[in-house]
$ cat target_24.cif   # mmCIF, N, CA and C atoms
data_coords
#
loop_
_atom_site.label_atom_id
_atom_site.label_comp_id
_atom_site.auth_asym_id
_atom_site.auth_seq_id
_atom_site.Cartn_x
_atom_site.Cartn_y
_atom_site.Cartn_z
N MET H 5 65.15 157.72 -64.65
CA MET H 5 64.08 157.00 -63.97
C MET H 5 64.32 155.50 -64.16
N LYS H 6 64.19 154.78 -63.12
CA LYS H 6 64.42 153.34 -63.18
C LYS H 6 63.31 152.67 -63.97
N ALA H 7 63.61 151.48 -64.50
CA ALA H 7 62.63 150.74 -65.30
C ALA H 7 61.38 150.40 -64.49
N LEU H 8 61.56 150.03 -63.22
CA LEU H 8 60.41 149.70 -62.37
C LEU H 8 59.50 150.91 -62.18
N LYS H 9 60.08 152.08 -61.96
CA LYS H 9 59.29 153.29 -61.79
C LYS H 9 58.53 153.63 -63.07
N LYS H 10 59.17 153.47 -64.22
CA LYS H 10 58.50 153.73 -65.49
C LYS H 10 57.33 152.78 -65.68
N LYS H 11 57.54 151.52 -65.33
CA LYS H 11 56.48 150.53 -65.47
C LYS H 11 55.30 150.86 -64.56
N VAL H 12 55.58 151.25 -63.33
CA VAL H 12 54.53 151.60 -62.38
C VAL H 12 53.75 152.81 -62.89
N ILE H 13 54.45 153.84 -63.36
CA ILE H 13 53.77 155.03 -63.88
C ILE H 13 52.93 154.67 -65.09
N ALA H 14 53.45 153.82 -65.96
CA ALA H 14 52.69 153.42 -67.15
C ALA H 14 51.41 152.67 -66.78
N TRP H 15 51.51 151.74 -65.84
CA TRP H 15 50.32 150.99 -65.41
C TRP H 15 49.32 151.90 -64.73
N ARG H 16 49.82 152.77 -63.86
CA ARG H 16 48.91 153.69 -63.19
C ARG H 16 48.24 154.62 -64.19
N ALA H 17 48.98 155.09 -65.18
CA ALA H 17 48.39 155.96 -66.21
C ALA H 17 47.33 155.22 -67.01
N LEU H 18 47.62 153.96 -67.38
CA LEU H 18 46.64 153.16 -68.13
C LEU H 18 45.35 153.00 -67.33
N TRP H 19 45.47 152.59 -66.08
CA TRP H 19 44.28 152.39 -65.25
C TRP H 19 43.58 153.71 -64.95
N PHE H 20 44.33 154.80 -64.90
CA PHE H 20 43.72 156.11 -64.68
C PHE H 20 42.88 156.53 -65.88
N VAL H 21 43.35 156.21 -67.08
CA VAL H 21 42.57 156.50 -68.29
C VAL H 21 41.29 155.67 -68.30
N VAL H 22 41.40 154.40 -67.95
CA VAL H 22 40.21 153.54 -67.86
C VAL H 22 39.24 154.12 -66.82
N GLY H 23 39.77 154.49 -65.66
CA GLY H 23 38.94 155.10 -64.62
C GLY H 23 38.33 156.41 -65.09
N GLY H 24 39.07 157.18 -65.90
CA GLY H 24 38.55 158.43 -66.45
C GLY H 24 37.36 158.20 -67.36
N GLY H 25 37.43 157.13 -68.16
CA GLY H 25 36.28 156.78 -69.01
C GLY H 25 35.07 156.41 -68.17
N ILE H 26 35.31 155.63 -67.13
CA ILE H 26 34.22 155.25 -66.21
C ILE H 26 33.68 156.50 -65.52
N SER H 27 34.57 157.36 -65.08
CA SER H 27 34.17 158.59 -64.40
C SER H 27 33.32 159.48 -65.29
N SER H 28 33.74 159.66 -66.53
CA SER H 28 32.98 160.51 -67.46
C SER H 28 31.60 159.92 -67.72
N SER H 29 31.54 158.62 -67.88
CA SER H 29 30.25 157.96 -68.12
C SER H 29 29.33 158.08 -66.90
N LEU H 30 29.88 157.81 -65.72
CA LEU H 30 29.09 157.94 -64.49
C LEU H 30 28.61 159.37 -64.28
N ASN H 31 29.53 160.31 -64.41
CA ASN H 31 29.20 161.71 -64.18
C ASN H 31 28.16 162.20 -65.19
N GLY H 32 28.39 161.90 -66.46
CA GLY H 32 27.45 162.31 -67.50
C GLY H 32 26.09 161.64 -67.35
N GLY H 33 26.11 160.34 -67.07
CA GLY H 33 24.86 159.60 -66.91
C GLY H 33 24.06 160.06 -65.70
N ALA H 34 24.75 160.28 -64.59
CA ALA H 34 24.07 160.76 -63.38
C ALA H 34 23.52 162.16 -63.60
N TYR H 35 24.31 163.03 -64.24
CA TYR H 35 23.83 164.38 -64.51
C TYR H 35 22.60 164.33 -65.42
N HIS H 36 22.66 163.54 -66.47
CA HIS H 36 21.53 163.43 -67.40
C HIS H 36 20.27 162.98 -66.66
N PHE H 37 20.40 161.97 -65.84
CA PHE H 37 19.24 161.48 -65.09
C PHE H 37 18.73 162.54 -64.11
N LEU H 38 19.63 163.11 -63.33
CA LEU H 38 19.21 164.07 -62.30
C LEU H 38 18.62 165.35 -62.88
N HIS H 39 19.16 165.80 -64.00
CA HIS H 39 18.65 167.04 -64.58
C HIS H 39 17.45 166.81 -65.50
N PHE H 40 17.60 165.90 -66.45
CA PHE H 40 16.56 165.73 -67.46
C PHE H 40 15.41 164.84 -67.01
N LYS H 41 15.68 163.87 -66.18
CA LYS H 41 14.61 162.96 -65.72
C LYS H 41 14.03 163.37 -64.37
N ALA H 42 14.91 163.70 -63.41
CA ALA H 42 14.44 164.04 -62.07
C ALA H 42 14.08 165.52 -61.94
N GLY H 43 14.51 166.34 -62.89
CA GLY H 43 14.13 167.74 -62.92
C GLY H 43 14.92 168.67 -62.02
N LEU H 44 16.08 168.24 -61.56
CA LEU H 44 16.91 169.13 -60.73
C LEU H 44 17.54 170.21 -61.61
N ARG H 45 17.75 171.38 -61.02
CA ARG H 45 18.42 172.47 -61.75
C ARG H 45 19.85 172.04 -62.08
N PRO H 46 20.42 172.55 -63.18
CA PRO H 46 21.76 172.12 -63.60
C PRO H 46 22.85 172.16 -62.52
N PRO H 47 23.00 173.26 -61.75
CA PRO H 47 24.08 173.26 -60.75
C PRO H 47 23.87 172.20 -59.65
N VAL H 48 22.63 172.00 -59.27
CA VAL H 48 22.33 171.00 -58.23
C VAL H 48 22.55 169.59 -58.78
N ALA H 49 22.06 169.36 -59.98
CA ALA H 49 22.24 168.04 -60.62
C ALA H 49 23.72 167.73 -60.79
N TYR H 50 24.51 168.74 -61.19
CA TYR H 50 25.93 168.50 -61.37
C TYR H 50 26.63 168.26 -60.03
N ALA H 51 26.23 168.96 -58.99
CA ALA H 51 26.82 168.75 -57.67
C ALA H 51 26.59 167.31 -57.21
N PHE H 52 25.36 166.81 -57.38
CA PHE H 52 25.07 165.43 -56.98
C PHE H 52 25.79 164.42 -57.87
N SER H 53 25.82 164.66 -59.18
CA SER H 53 26.48 163.70 -60.07
C SER H 53 27.98 163.65 -59.80
N LEU H 54 28.58 164.80 -59.55
CA LEU H 54 30.01 164.86 -59.25
C LEU H 54 30.31 164.16 -57.92
N SER H 55 29.45 164.36 -56.93
CA SER H 55 29.63 163.70 -55.63
C SER H 55 29.55 162.18 -55.76
N MET H 56 28.55 161.71 -56.50
CA MET H 56 28.42 160.26 -56.69
C MET H 56 29.62 159.69 -57.43
N THR H 57 30.07 160.39 -58.45
CA THR H 57 31.22 159.94 -59.22
C THR H 57 32.47 159.88 -58.35
N MET H 58 32.69 160.90 -57.54
CA MET H 58 33.87 160.91 -56.66
C MET H 58 33.82 159.76 -55.66
N ALA H 59 32.65 159.45 -55.14
CA ALA H 59 32.52 158.35 -54.18
C ALA H 59 32.90 157.01 -54.82
N VAL H 60 32.38 156.76 -56.02
CA VAL H 60 32.68 155.50 -56.71
C VAL H 60 34.15 155.44 -57.12
N LEU H 61 34.65 156.53 -57.67
CA LEU H 61 36.03 156.53 -58.16
C LEU H 61 37.05 156.50 -57.03
N SER H 62 36.68 156.90 -55.84
CA SER H 62 37.63 156.82 -54.74
C SER H 62 37.99 155.36 -54.45
N MET H 63 37.00 154.49 -54.53
CA MET H 63 37.26 153.06 -54.33
C MET H 63 38.10 152.51 -55.48
N TRP H 64 37.80 152.92 -56.71
CA TRP H 64 38.58 152.50 -57.88
C TRP H 64 40.04 152.92 -57.71
N ASN H 65 40.26 154.17 -57.35
CA ASN H 65 41.64 154.65 -57.24
C ASN H 65 42.42 153.93 -56.16
N TYR H 66 41.79 153.65 -55.05
CA TYR H 66 42.52 152.99 -53.97
C TYR H 66 42.74 151.51 -54.24
N HIS H 67 41.72 150.81 -54.71
CA HIS H 67 41.80 149.35 -54.84
C HIS H 67 42.36 148.88 -56.17
N VAL H 68 42.19 149.65 -57.24
CA VAL H 68 42.64 149.20 -58.56
C VAL H 68 43.85 150.00 -59.03
N ASN H 69 43.72 151.29 -59.08
CA ASN H 69 44.70 152.10 -59.78
C ASN H 69 45.96 152.40 -58.98
N PHE H 70 45.83 152.83 -57.76
CA PHE H 70 46.98 153.26 -56.99
C PHE H 70 47.26 152.35 -55.81
N ARG H 71 47.43 151.08 -56.10
CA ARG H 71 47.75 150.14 -55.03
C ARG H 71 49.08 150.53 -54.40
N THR H 72 49.12 150.48 -53.10
CA THR H 72 50.32 150.88 -52.39
C THR H 72 50.42 150.06 -51.11
N GLN H 73 51.61 150.02 -50.54
CA GLN H 73 51.80 149.31 -49.28
C GLN H 73 51.34 150.15 -48.09
N HIS H 74 51.09 151.43 -48.34
CA HIS H 74 50.63 152.31 -47.26
C HIS H 74 49.17 151.98 -46.95
N ARG H 75 48.85 151.95 -45.68
CA ARG H 75 47.46 151.73 -45.29
C ARG H 75 46.65 152.95 -45.68
N PHE H 76 45.36 152.74 -45.88
CA PHE H 76 44.50 153.84 -46.30
C PHE H 76 44.51 154.98 -45.30
N ARG H 77 44.57 154.64 -44.02
CA ARG H 77 44.55 155.72 -43.02
C ARG H 77 45.79 156.60 -43.13
N GLU H 78 46.90 156.05 -43.65
CA GLU H 78 48.10 156.85 -43.85
C GLU H 78 47.91 157.82 -45.01
N CYS H 79 47.08 157.46 -45.96
CA CYS H 79 46.83 158.28 -47.15
C CYS H 79 45.57 159.13 -47.01
N LEU H 80 44.77 158.88 -46.00
CA LEU H 80 43.43 159.46 -45.92
C LEU H 80 43.42 160.99 -45.94
N LEU H 81 44.22 161.63 -45.12
CA LEU H 81 44.21 163.09 -45.07
C LEU H 81 44.62 163.67 -46.42
N ARG H 82 45.69 163.14 -47.00
CA ARG H 82 46.13 163.63 -48.31
C ARG H 82 45.05 163.38 -49.36
N TYR H 83 44.37 162.22 -49.26
CA TYR H 83 43.32 161.90 -50.21
C TYR H 83 42.15 162.87 -50.09
N VAL H 84 41.71 163.13 -48.87
CA VAL H 84 40.58 164.05 -48.65
C VAL H 84 40.92 165.44 -49.17
N ILE H 85 42.12 165.91 -48.91
CA ILE H 85 42.54 167.22 -49.40
C ILE H 85 42.53 167.23 -50.93
N ALA H 86 43.10 166.21 -51.56
CA ALA H 86 43.16 166.16 -53.02
C ALA H 86 41.76 166.07 -53.64
N VAL H 87 40.91 165.23 -53.09
CA VAL H 87 39.55 165.07 -53.64
C VAL H 87 38.75 166.36 -53.47
N CYS H 88 38.83 166.97 -52.32
CA CYS H 88 38.10 168.23 -52.10
C CYS H 88 38.60 169.32 -53.05
N LEU H 89 39.90 169.44 -53.18
CA LEU H 89 40.48 170.44 -54.07
C LEU H 89 40.03 170.22 -55.51
N CYS H 90 40.15 169.00 -55.98
CA CYS H 90 39.78 168.69 -57.37
C CYS H 90 38.28 168.79 -57.61
N THR H 91 37.49 168.33 -56.67
CA THR H 91 36.03 168.38 -56.83
C THR H 91 35.54 169.82 -56.83
N LEU H 92 36.04 170.62 -55.90
CA LEU H 92 35.63 172.03 -55.86
C LEU H 92 36.06 172.78 -57.13
N ALA H 93 37.28 172.52 -57.59
CA ALA H 93 37.74 173.17 -58.83
C ALA H 93 36.88 172.73 -60.01
N ASN H 94 36.60 171.43 -60.09
CA ASN H 94 35.76 170.90 -61.17
C ASN H 94 34.39 171.57 -61.16
N TYR H 95 33.77 171.60 -59.99
CA TYR H 95 32.43 172.18 -59.87
C TYR H 95 32.45 173.68 -60.18
N ALA H 96 33.47 174.39 -59.69
CA ALA H 96 33.56 175.83 -59.91
C ALA H 96 33.71 176.17 -61.40
N ILE H 97 34.29 175.27 -62.16
CA ILE H 97 34.44 175.51 -63.60
C ILE H 97 33.20 175.04 -64.38
N VAL H 98 32.73 173.83 -64.09
CA VAL H 98 31.66 173.24 -64.91
C VAL H 98 30.28 173.83 -64.62
N ALA H 99 29.93 174.06 -63.36
CA ALA H 99 28.58 174.52 -63.04
C ALA H 99 28.20 175.82 -63.76
N PRO H 100 29.05 176.85 -63.77
CA PRO H 100 28.67 178.05 -64.52
C PRO H 100 28.61 177.82 -66.03
N LEU H 101 29.49 176.96 -66.53
CA LEU H 101 29.48 176.67 -67.97
C LEU H 101 28.20 175.95 -68.38
N ILE H 102 27.76 175.01 -67.55
CA ILE H 102 26.53 174.28 -67.86
C ILE H 102 25.34 175.24 -67.83
N ARG H 103 25.37 176.18 -66.91
CA ARG H 103 24.28 177.16 -66.84
C ARG H 103 24.23 177.98 -68.13
N SER H 104 25.41 178.33 -68.68
CA SER H 104 25.46 179.15 -69.89
C SER H 104 25.29 178.35 -71.18
N TRP H 105 25.95 177.20 -71.24
CA TRP H 105 25.93 176.39 -72.46
C TRP H 105 25.40 174.99 -72.16
N GLY H 106 24.25 174.90 -71.56
CA GLY H 106 23.67 173.64 -71.14
C GLY H 106 23.45 172.63 -72.25
N LYS H 107 23.29 173.14 -73.46
CA LYS H 107 23.07 172.26 -74.61
C LYS H 107 24.27 171.33 -74.83
N TYR H 108 25.44 171.79 -74.46
CA TYR H 108 26.68 171.02 -74.67
C TYR H 108 27.21 170.45 -73.36
N TRP H 109 26.33 170.08 -72.46
CA TRP H 109 26.71 169.67 -71.11
C TRP H 109 27.72 168.54 -71.08
N PHE H 110 27.55 167.49 -71.92
CA PHE H 110 28.47 166.36 -71.86
C PHE H 110 29.88 166.76 -72.31
N PHE H 111 29.98 167.58 -73.34
CA PHE H 111 31.29 168.03 -73.81
C PHE H 111 31.96 168.93 -72.79
N LEU H 112 31.17 169.74 -72.09
CA LEU H 112 31.74 170.58 -71.03
C LEU H 112 32.32 169.73 -69.91
N ILE H 113 31.59 168.70 -69.53
CA ILE H 113 32.08 167.79 -68.48
C ILE H 113 33.39 167.15 -68.93
N LEU H 114 33.42 166.65 -70.17
CA LEU H 114 34.65 166.02 -70.68
C LEU H 114 35.81 167.00 -70.78
N LEU H 115 35.54 168.20 -71.28
CA LEU H 115 36.61 169.18 -71.45
C LEU H 115 37.26 169.58 -70.13
N VAL H 116 36.49 169.59 -69.07
CA VAL H 116 37.06 169.93 -67.77
C VAL H 116 37.71 168.71 -67.13
N GLN H 117 37.12 167.54 -67.31
CA GLN H 117 37.67 166.35 -66.67
C GLN H 117 39.02 165.94 -67.24
N MET H 118 39.28 166.23 -68.51
CA MET H 118 40.56 165.82 -69.09
C MET H 118 41.75 166.53 -68.43
N PRO H 119 41.80 167.87 -68.41
CA PRO H 119 42.95 168.49 -67.73
C PRO H 119 42.93 168.27 -66.22
N MET H 120 41.73 168.20 -65.64
CA MET H 120 41.63 167.93 -64.21
C MET H 120 42.17 166.53 -63.92
N GLY H 121 41.97 165.61 -64.84
CA GLY H 121 42.48 164.25 -64.68
C GLY H 121 44.00 164.22 -64.63
N LEU H 122 44.65 165.01 -65.46
CA LEU H 122 46.12 165.07 -65.44
C LEU H 122 46.61 165.61 -64.10
N PHE H 123 45.94 166.63 -63.61
CA PHE H 123 46.29 167.20 -62.31
C PHE H 123 46.08 166.17 -61.21
N LYS H 124 44.92 165.48 -61.25
CA LYS H 124 44.61 164.47 -60.22
C LYS H 124 45.61 163.32 -60.28
N PHE H 125 45.95 162.88 -61.49
CA PHE H 125 46.90 161.78 -61.61
C PHE H 125 48.23 162.15 -60.94
N SER H 126 48.70 163.35 -61.21
CA SER H 126 49.96 163.78 -60.60
C SER H 126 49.85 163.83 -59.08
N LEU H 127 48.75 164.39 -58.58
CA LEU H 127 48.55 164.43 -57.13
C LEU H 127 48.51 163.04 -56.52
N TYR H 128 47.72 162.16 -57.12
CA TYR H 128 47.58 160.81 -56.58
C TYR H 128 48.88 160.03 -56.65
N HIS H 129 49.54 160.07 -57.79
CA HIS H 129 50.74 159.26 -57.98
C HIS H 129 51.89 159.70 -57.07
N PHE H 130 52.12 161.00 -57.01
CA PHE H 130 53.30 161.47 -56.30
C PHE H 130 53.05 161.85 -54.84
N TRP H 131 51.80 162.11 -54.47
CA TRP H 131 51.58 162.62 -53.12
C TRP H 131 50.59 161.78 -52.32
N VAL H 132 49.42 161.49 -52.86
CA VAL H 132 48.39 160.81 -52.08
C VAL H 132 48.74 159.35 -51.83
N TYR H 133 49.04 158.63 -52.90
CA TYR H 133 49.33 157.19 -52.79
C TYR H 133 50.77 156.93 -53.19
N PRO H 134 51.71 157.27 -52.34
CA PRO H 134 53.11 157.06 -52.70
C PRO H 134 53.42 155.57 -52.84
N ARG H 135 54.38 155.27 -53.66
CA ARG H 135 54.78 153.89 -53.88
C ARG H 135 56.22 153.75 -53.48
N ASP H 136 56.51 152.78 -52.63
CA ASP H 136 57.87 152.57 -52.15
C ASP H 136 58.57 151.51 -53.00
N ASP H 137 59.82 151.80 -53.37
CA ASP H 137 60.60 150.83 -54.15
C ASP H 137 60.93 149.58 -53.37
N GLU H 138 60.93 149.68 -52.04
CA GLU H 138 61.25 148.52 -51.23
C GLU H 138 60.16 147.46 -51.25
N PHE H 139 58.97 147.83 -51.74
CA PHE H 139 57.85 146.92 -51.76
C PHE H 139 57.40 146.63 -53.19
N PRO H 140 58.10 145.76 -53.90
CA PRO H 140 57.75 145.50 -55.29
C PRO H 140 56.34 144.92 -55.46
N GLU H 141 55.75 144.36 -54.41
CA GLU H 141 54.41 143.80 -54.54
C GLU H 141 53.36 144.90 -54.72
N SER H 142 53.72 146.17 -54.50
CA SER H 142 52.77 147.24 -54.75
C SER H 142 52.73 147.61 -56.24
N GLU H 143 53.62 147.01 -57.00
CA GLU H 143 53.64 147.22 -58.45
C GLU H 143 52.50 146.41 -59.08
N PRO H 144 51.86 146.96 -60.11
CA PRO H 144 50.78 146.22 -60.78
C PRO H 144 51.29 144.92 -61.39
N GLY H 145 50.41 143.96 -61.47
CA GLY H 145 50.75 142.64 -61.99
C GLY H 145 50.93 142.62 -63.41
#
$ encode --input "target_24.cif" --output "structure tokens"
Amino acid sequence: MKALKKKVIAWRALWFVVGGGISSSLNGGAYHFLHFKAGLRPPVAYAFSLSMTMAVLSMWNYHVNFRTQHRFRECLLRYVIAVCLCTLANYAIVAPLIRSWGKYWFFLILLVQMPMGLFKFSLYHFWVYPRDDEFPESEPG
């Protein structure tokens, strides 16, 4: 692997970890508010919190983490497929767990988001937001 590619992967991984911390905080905070304060049932509260988190993080991933020379419309279909796949998998795993072990809701969210994050990072880096070597300006500063 070339030095430039290693550097790009390292920067993207660093920003993805930062985004993961933001994502976990947003998702956990929104779930806490929607379930404990607004009184929504756990699966509904988690569906809304996950949706809000995905909306915010989509802007983070495009503008901060995975800068690329490709226009967003070139990445849009791949992005929608990746987000839908990851969001549905996340919800399918977490919602039943929260129903069963609701007392540990924040840890359940974290435990699922960590491996899901590795999967998402791979999808985003290699497929959704490809980076061309011919365009060094797409490399992080």
$ resolve_selection --input "target_24.cif" --expression "the PyMOL selection byres (((chain H and resi 60 and name CA) around 12) and name CA)" --output "list of chain:residue names"
H:Gly23, H:Gly24, H:Ile26, H:Ser27, H:Ser28, H:Ser29, H:Leu30, H:Asn31, H:Ser53, H:Leu54, H:Ser55, H:Met56, H:Thr57, H:Met58, H:Ala59, H:Leu61, H:Ser62, H:Met63, H:Trp64, H:Asn65, H:Tyr66, H:His67, H:Val68
$ closest_residue --input "target_24.cif" --among "H:Leu38, H:His129, H:Gly32, H:Pro134" --to "H:Ala14" --atoms "only C-alpha atoms"
H:His129
$ atom_distance --input "target_24.cif" --atom1 "atom C of H:Ala17" --atom2 "atom CA of H:Leu80"
21.9 Å
$ atom_distance --input "target_24.cif" --atom1 "atom C of H:Trp105" --atom2 "atom N of H:Gly25"
21.9 Å
$ resolve_selection --input "target_24.cif" --expression "the PyMOL selection byres (((chain H and resi 118 and name CA) around 12) and name CA)" --output "ChimeraX atom specification"
/H:20-21,23-25,27-28,94,111-117,119-125
$ write_last_selection --input "target_24.cif" --atoms "N, CA and C atoms" --output "PDB file, in the coordinates of the input"
ATOM      1  N   PHE H  20      44.330 154.800 -64.900  1.00  0.00           N
ATOM      2  CA  PHE H  20      43.720 156.110 -64.680  1.00  0.00           C
ATOM      3  C   PHE H  20      42.880 156.530 -65.880  1.00  0.00           C
ATOM      4  N   VAL H  21      43.350 156.210 -67.080  1.00  0.00           N
ATOM      5  CA  VAL H  21      42.570 156.500 -68.290  1.00  0.00           C
ATOM      6  C   VAL H  21      41.290 155.670 -68.300  1.00  0.00           C
ATOM      7  N   GLY H  23      39.770 154.490 -65.660  1.00  0.00           N
ATOM      8  CA  GLY H  23      38.940 155.100 -64.620  1.00  0.00           C
ATOM      9  C   GLY H  23      38.330 156.410 -65.090  1.00  0.00           C
ATOM     10  N   GLY H  24      39.070 157.180 -65.900  1.00  0.00           N
ATOM     11  CA  GLY H  24      38.550 158.430 -66.450  1.00  0.00           C
ATOM     12  C   GLY H  24      37.360 158.200 -67.360  1.00  0.00           C
ATOM     13  N   GLY H  25      37.430 157.130 -68.160  1.00  0.00           N
ATOM     14  CA  GLY H  25      36.280 156.780 -69.010  1.00  0.00           C
ATOM     15  C   GLY H  25      35.070 156.410 -68.170  1.00  0.00           C
ATOM     16  N   SER H  27      34.570 157.360 -65.080  1.00  0.00           N
ATOM     17  CA  SER H  27      34.170 158.590 -64.400  1.00  0.00           C
ATOM     18  C   SER H  27      33.320 159.480 -65.290  1.00  0.00           C
ATOM     19  N   SER H  28      33.740 159.660 -66.530  1.00  0.00           N
ATOM     20  CA  SER H  28      32.980 160.510 -67.460  1.00  0.00           C
ATOM     21  C   SER H  28      31.600 159.920 -67.720  1.00  0.00           C
ATOM     22  N   ASN H  94      36.600 171.430 -60.090  1.00  0.00           N
ATOM     23  CA  ASN H  94      35.760 170.900 -61.170  1.00  0.00           C
ATOM     24  C   ASN H  94      34.390 171.570 -61.160  1.00  0.00           C
ATOM     25  N   PHE H 111      29.980 167.580 -73.340  1.00  0.00           N
ATOM     26  CA  PHE H 111      31.290 168.030 -73.810  1.00  0.00           C
ATOM     27  C   PHE H 111      31.960 168.930 -72.790  1.00  0.00           C
ATOM     28  N   LEU H 112      31.170 169.740 -72.090  1.00  0.00           N
ATOM     29  CA  LEU H 112      31.740 170.580 -71.030  1.00  0.00           C
ATOM     30  C   LEU H 112      32.320 169.730 -69.910  1.00  0.00           C
ATOM     31  N   ILE H 113      31.590 168.700 -69.530  1.00  0.00           N
ATOM     32  CA  ILE H 113      32.080 167.790 -68.480  1.00  0.00           C
ATOM     33  C   ILE H 113      33.390 167.150 -68.930  1.00  0.00           C
ATOM     34  N   LEU H 114      33.420 166.650 -70.170  1.00  0.00           N
ATOM     35  CA  LEU H 114      34.650 166.020 -70.680  1.00  0.00           C
ATOM     36  C   LEU H 114      35.810 167.000 -70.780  1.00  0.00           C
ATOM     37  N   LEU H 115      35.540 168.200 -71.280  1.00  0.00           N
ATOM     38  CA  LEU H 115      36.610 169.180 -71.450  1.00  0.00           C
ATOM     39  C   LEU H 115      37.260 169.580 -70.130  1.00  0.00           C
ATOM     40  N   VAL H 116      36.490 169.590 -69.070  1.00  0.00           N
ATOM     41  CA  VAL H 116      37.060 169.930 -67.770  1.00  0.00           C
ATOM     42  C   VAL H 116      37.710 168.710 -67.130  1.00  0.00           C
ATOM     43  N   GLN H 117      37.120 167.540 -67.310  1.00  0.00           N
ATOM     44  CA  GLN H 117      37.670 166.350 -66.670  1.00  0.00           C
ATOM     45  C   GLN H 117      39.020 165.940 -67.240  1.00  0.00           C
ATOM     46  N   PRO H 119      41.800 167.870 -68.410  1.00  0.00           N
ATOM     47  CA  PRO H 119      42.950 168.490 -67.730  1.00  0.00           C
ATOM     48  C   PRO H 119      42.930 168.270 -66.220  1.00  0.00           C
ATOM     49  N   MET H 120      41.730 168.200 -65.640  1.00  0.00           N
ATOM     50  CA  MET H 120      41.630 167.930 -64.210  1.00  0.00           C
ATOM     51  C   MET H 120      42.170 166.530 -63.920  1.00  0.00           C
ATOM     52  N   GLY H 121      41.970 165.610 -64.840  1.00  0.00           N
ATOM     53  CA  GLY H 121      42.480 164.250 -64.680  1.00  0.00           C
ATOM     54  C   GLY H 121      44.000 164.220 -64.630  1.00  0.00           C
ATOM     55  N   LEU H 122      44.650 165.010 -65.460  1.00  0.00           N
ATOM     56  CA  LEU H 122      46.120 165.070 -65.440  1.00  0.00           C
ATOM     57  C   LEU H 122      46.610 165.610 -64.100  1.00  0.00           C
ATOM     58  N   PHE H 123      45.940 166.630 -63.610  1.00  0.00           N
ATOM     59  CA  PHE H 123      46.290 167.200 -62.310  1.00  0.00           C
ATOM     60  C   PHE H 123      46.080 166.170 -61.210  1.00  0.00           C
ATOM     61  N   LYS H 124      44.920 165.480 -61.250  1.00  0.00           N
ATOM     62  CA  LYS H 124      44.610 164.470 -60.220  1.00  0.00           C
ATOM     63  C   LYS H 124      45.610 163.320 -60.280  1.00  0.00           C
ATOM     64  N   PHE H 125      45.950 162.880 -61.490  1.00  0.00           N
ATOM     65  CA  PHE H 125      46.900 161.780 -61.610  1.00  0.00           C
ATOM     66  C   PHE H 125      48.230 162.150 -60.940  1.00  0.00           C
TER      67      PHE H 125
END
$ atom_distance --input "target_24.cif" --atom1 "atom CA of H:Leu81" --atom2 "atom CA of H:Leu18"
25.2 Å
$ closest_residue --input "target_24.cif" --among "H:Val12, H:Val87, H:Ala34, H:Ala7" --to "H:Pro46" --atoms "only C-alpha atoms"
H:Ala34
$ residues_around --input "target_24.cif" --residues "H:Tyr83" --least-positions-apart "5" --cutoff "7 Å" --atoms "only N, CA and C atoms" --output "short mmCIF file (atom, residue, chain, number, x, y, z; two decimals) with N, CA and C atoms, in the frame of the given file"
data_model
loop_
_atom_site.label_atom_id
_atom_site.label_comp_id
_atom_site.auth_asym_id
_atom_site.auth_seq_id
_atom_site.Cartn_x
_atom_site.Cartn_y
_atom_site.Cartn_z
N CYS H 88 38.83 166.97 -52.32
CA CYS H 88 38.10 168.23 -52.10
C CYS H 88 38.60 169.32 -53.05
N TRP H 131 51.80 162.11 -54.47
CA TRP H 131 51.58 162.62 -53.12
C TRP H 131 50.59 161.78 -52.32
N VAL H 132 49.42 161.49 -52.86
CA VAL H 132 48.39 160.81 -52.08
C VAL H 132 48.74 159.35 -51.83
N TYR H 133 49.04 158.63 -52.90
CA TYR H 133 49.33 157.19 -52.79
C TYR H 133 50.77 156.93 -53.19
#
$ select_by_dssp --input "target_24.cif" --residues "chain H" --states "helix (DSSP H, G or I)" --output "number ranges by chain"
H: 7-41, 46-69, 76-104, 106-132, 140-142
$ closest_residue --input "target_24.cif" --among "H:Ser126, H:Pro47, H:Arg77, H:Ile85" --to "H:Arg103" --atoms "all atoms listed in the file"
H:Pro47
$ closest_residue --input "target_24.cif" --among "H:Tyr35, H:Cys79, H:Lys6, H:Ser104" --to "H:Val48" --atoms "all atoms listed in the file"
H:Tyr35
